[in-house]
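To start, the structure under review is shown below, and the notes come after it.
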Amino acid sequence: RGCALPIFVAKEEVWFNHALLFHPSELPDHIKTSLASFPKEEFPKHCIHGNGDEIPDAEIAQIKSVCLSNLVEFDWQKGDVLLVDNYLVAHARNSFTGERKILVSMFRCQD
C-alpha cells in the first residue's frame, strides 16, 4: 500500500504513514543495542518501503525534521477540547503531570 491516500473531504492526496513510529532508528539506544543480534524484521518496531527495501536512517531523519518544522504546540486550558482529523494531521502529546480525560469518537466520512 502506498503512503499517499486520497482524502474523502479534501479530495486530494496526503502523506499518511507511521514511518516515524515504527522505524528502528526511533528506538532508544539501549534497546537497539539489545536487538543488534536479531534480524530487523523481528524488532518490536520495523517498517520498510512498499517494495521491501529498508528505509535508511537518513530518510527517517529527514521526515522527522520536516515533521518537527511543522510542529504546532499550545497550552491547554481547563475545559479545552481538541478535534483531530487523523488523515490530515499527525498528532502527539508531550509529557505532563495531572489528570486528563480522553473521549474518543471515530467515524468514516461518506461521499
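We name chains A, B, ... following the order of the C-alpha cells; residues begin at 1 in each chain, and ligands are numbered from 1 as shown.
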
**OP:** Check segment 22-100 of chain A with DSSP on the backbone and list each residue it calls helix (DSSP H, G or I), as a list in words.
**Re:**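 Helix (DSSP H, G or I) assignments inside segment 22-100 of chain A correspond to Phe22, Pro24, Ser25, Glu26, Asp29, His30, Ile31, Lys32, Thr33, Ser34, Lys40, Glu41, Glu42, Asp57, Ala58, Glu59, Ile60, Ala61, Gln62, Ile63, Lys64, Ser65, Val66, Cys67, Leu68 and Ser69 of chain A.
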
**OP:** Would you mind listing what lies within 10 Å of segment 52-66 of chain A as a list in words, with only C-alpha atoms counted and same-chain residues fewer than 6 positions away left out?
**Re:**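 Once the nearby chain positions are removed, what remains is Ala19, Leu20, His23, Pro24, Ser25, Glu26, Lys40 and His46 of chain A.
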
Original post:
Restricting the calculation to only C-alpha atoms, which member of A:Lys32, A:Ala90, A:Leu27, A:Asn17 is positioned closest to Gly50 of chain A?
Top reply: A:Asn17

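The residues of chain A that DSSP classifies as strand (DSSP E or B), using the backbone of this structure, are Ala4, Leu5, Pro6, Glu13, Val14, Trp15, Ile48 and Glu54 of chain A.
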
Subject >> Exercise: Arg93 of chain A partners within 12 Å, only C-alpha atoms, chain neighbours under 6 positions left out, as number ranges by chain >> reply: A: 71-76, 82

Would you put the residues from that selection into a file with C-alpha atoms, as a short mmCIF file (atom, residue, chain, number, x, y, z; two decimals), in the first residue's frame?
```cif
data_model
loop_
_atom_site.label_atom_id
_atom_site.label_comp_id
_atom_site.auth_asym_id
_atom_site.auth_seq_id
_atom_site.Cartn_x
_atom_site.Cartn_y
_atom_site.Cartn_z
CA LEU A 71 5.05 21.30 14.82
CA VAL A 72 2.29 23.33 16.46
CA GLU A 73 2.12 23.44 20.25
CA PHE A 74 -0.32 25.18 22.55
CA ASP A 75 -1.00 25.50 26.26
CA TRP A 76 -4.06 23.55 27.31
CA LEU A 82 -9.33 19.10 20.58
#
```

Subject >> Counting only C-alpha atoms, the option among A:Val89, A:Phe38, A:Val81, A:Asp29 closest to Val104 of chain A >> reply: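 Residue with the minimum atom-to-atom distance to Val104 of chain A: A:Val81.
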
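Atom to atom, atom CA of Ile102 of chain A and atom CA of Tyr87 of chain A stand 19.4 Å apart.
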
Original post:
Hey, which of A:Trp15, A:Lys101, A:Ser95, A:Pro39 ends up closest to Cys67 of chain A? Count only C-alpha atoms.
Top reply: A:Trp15
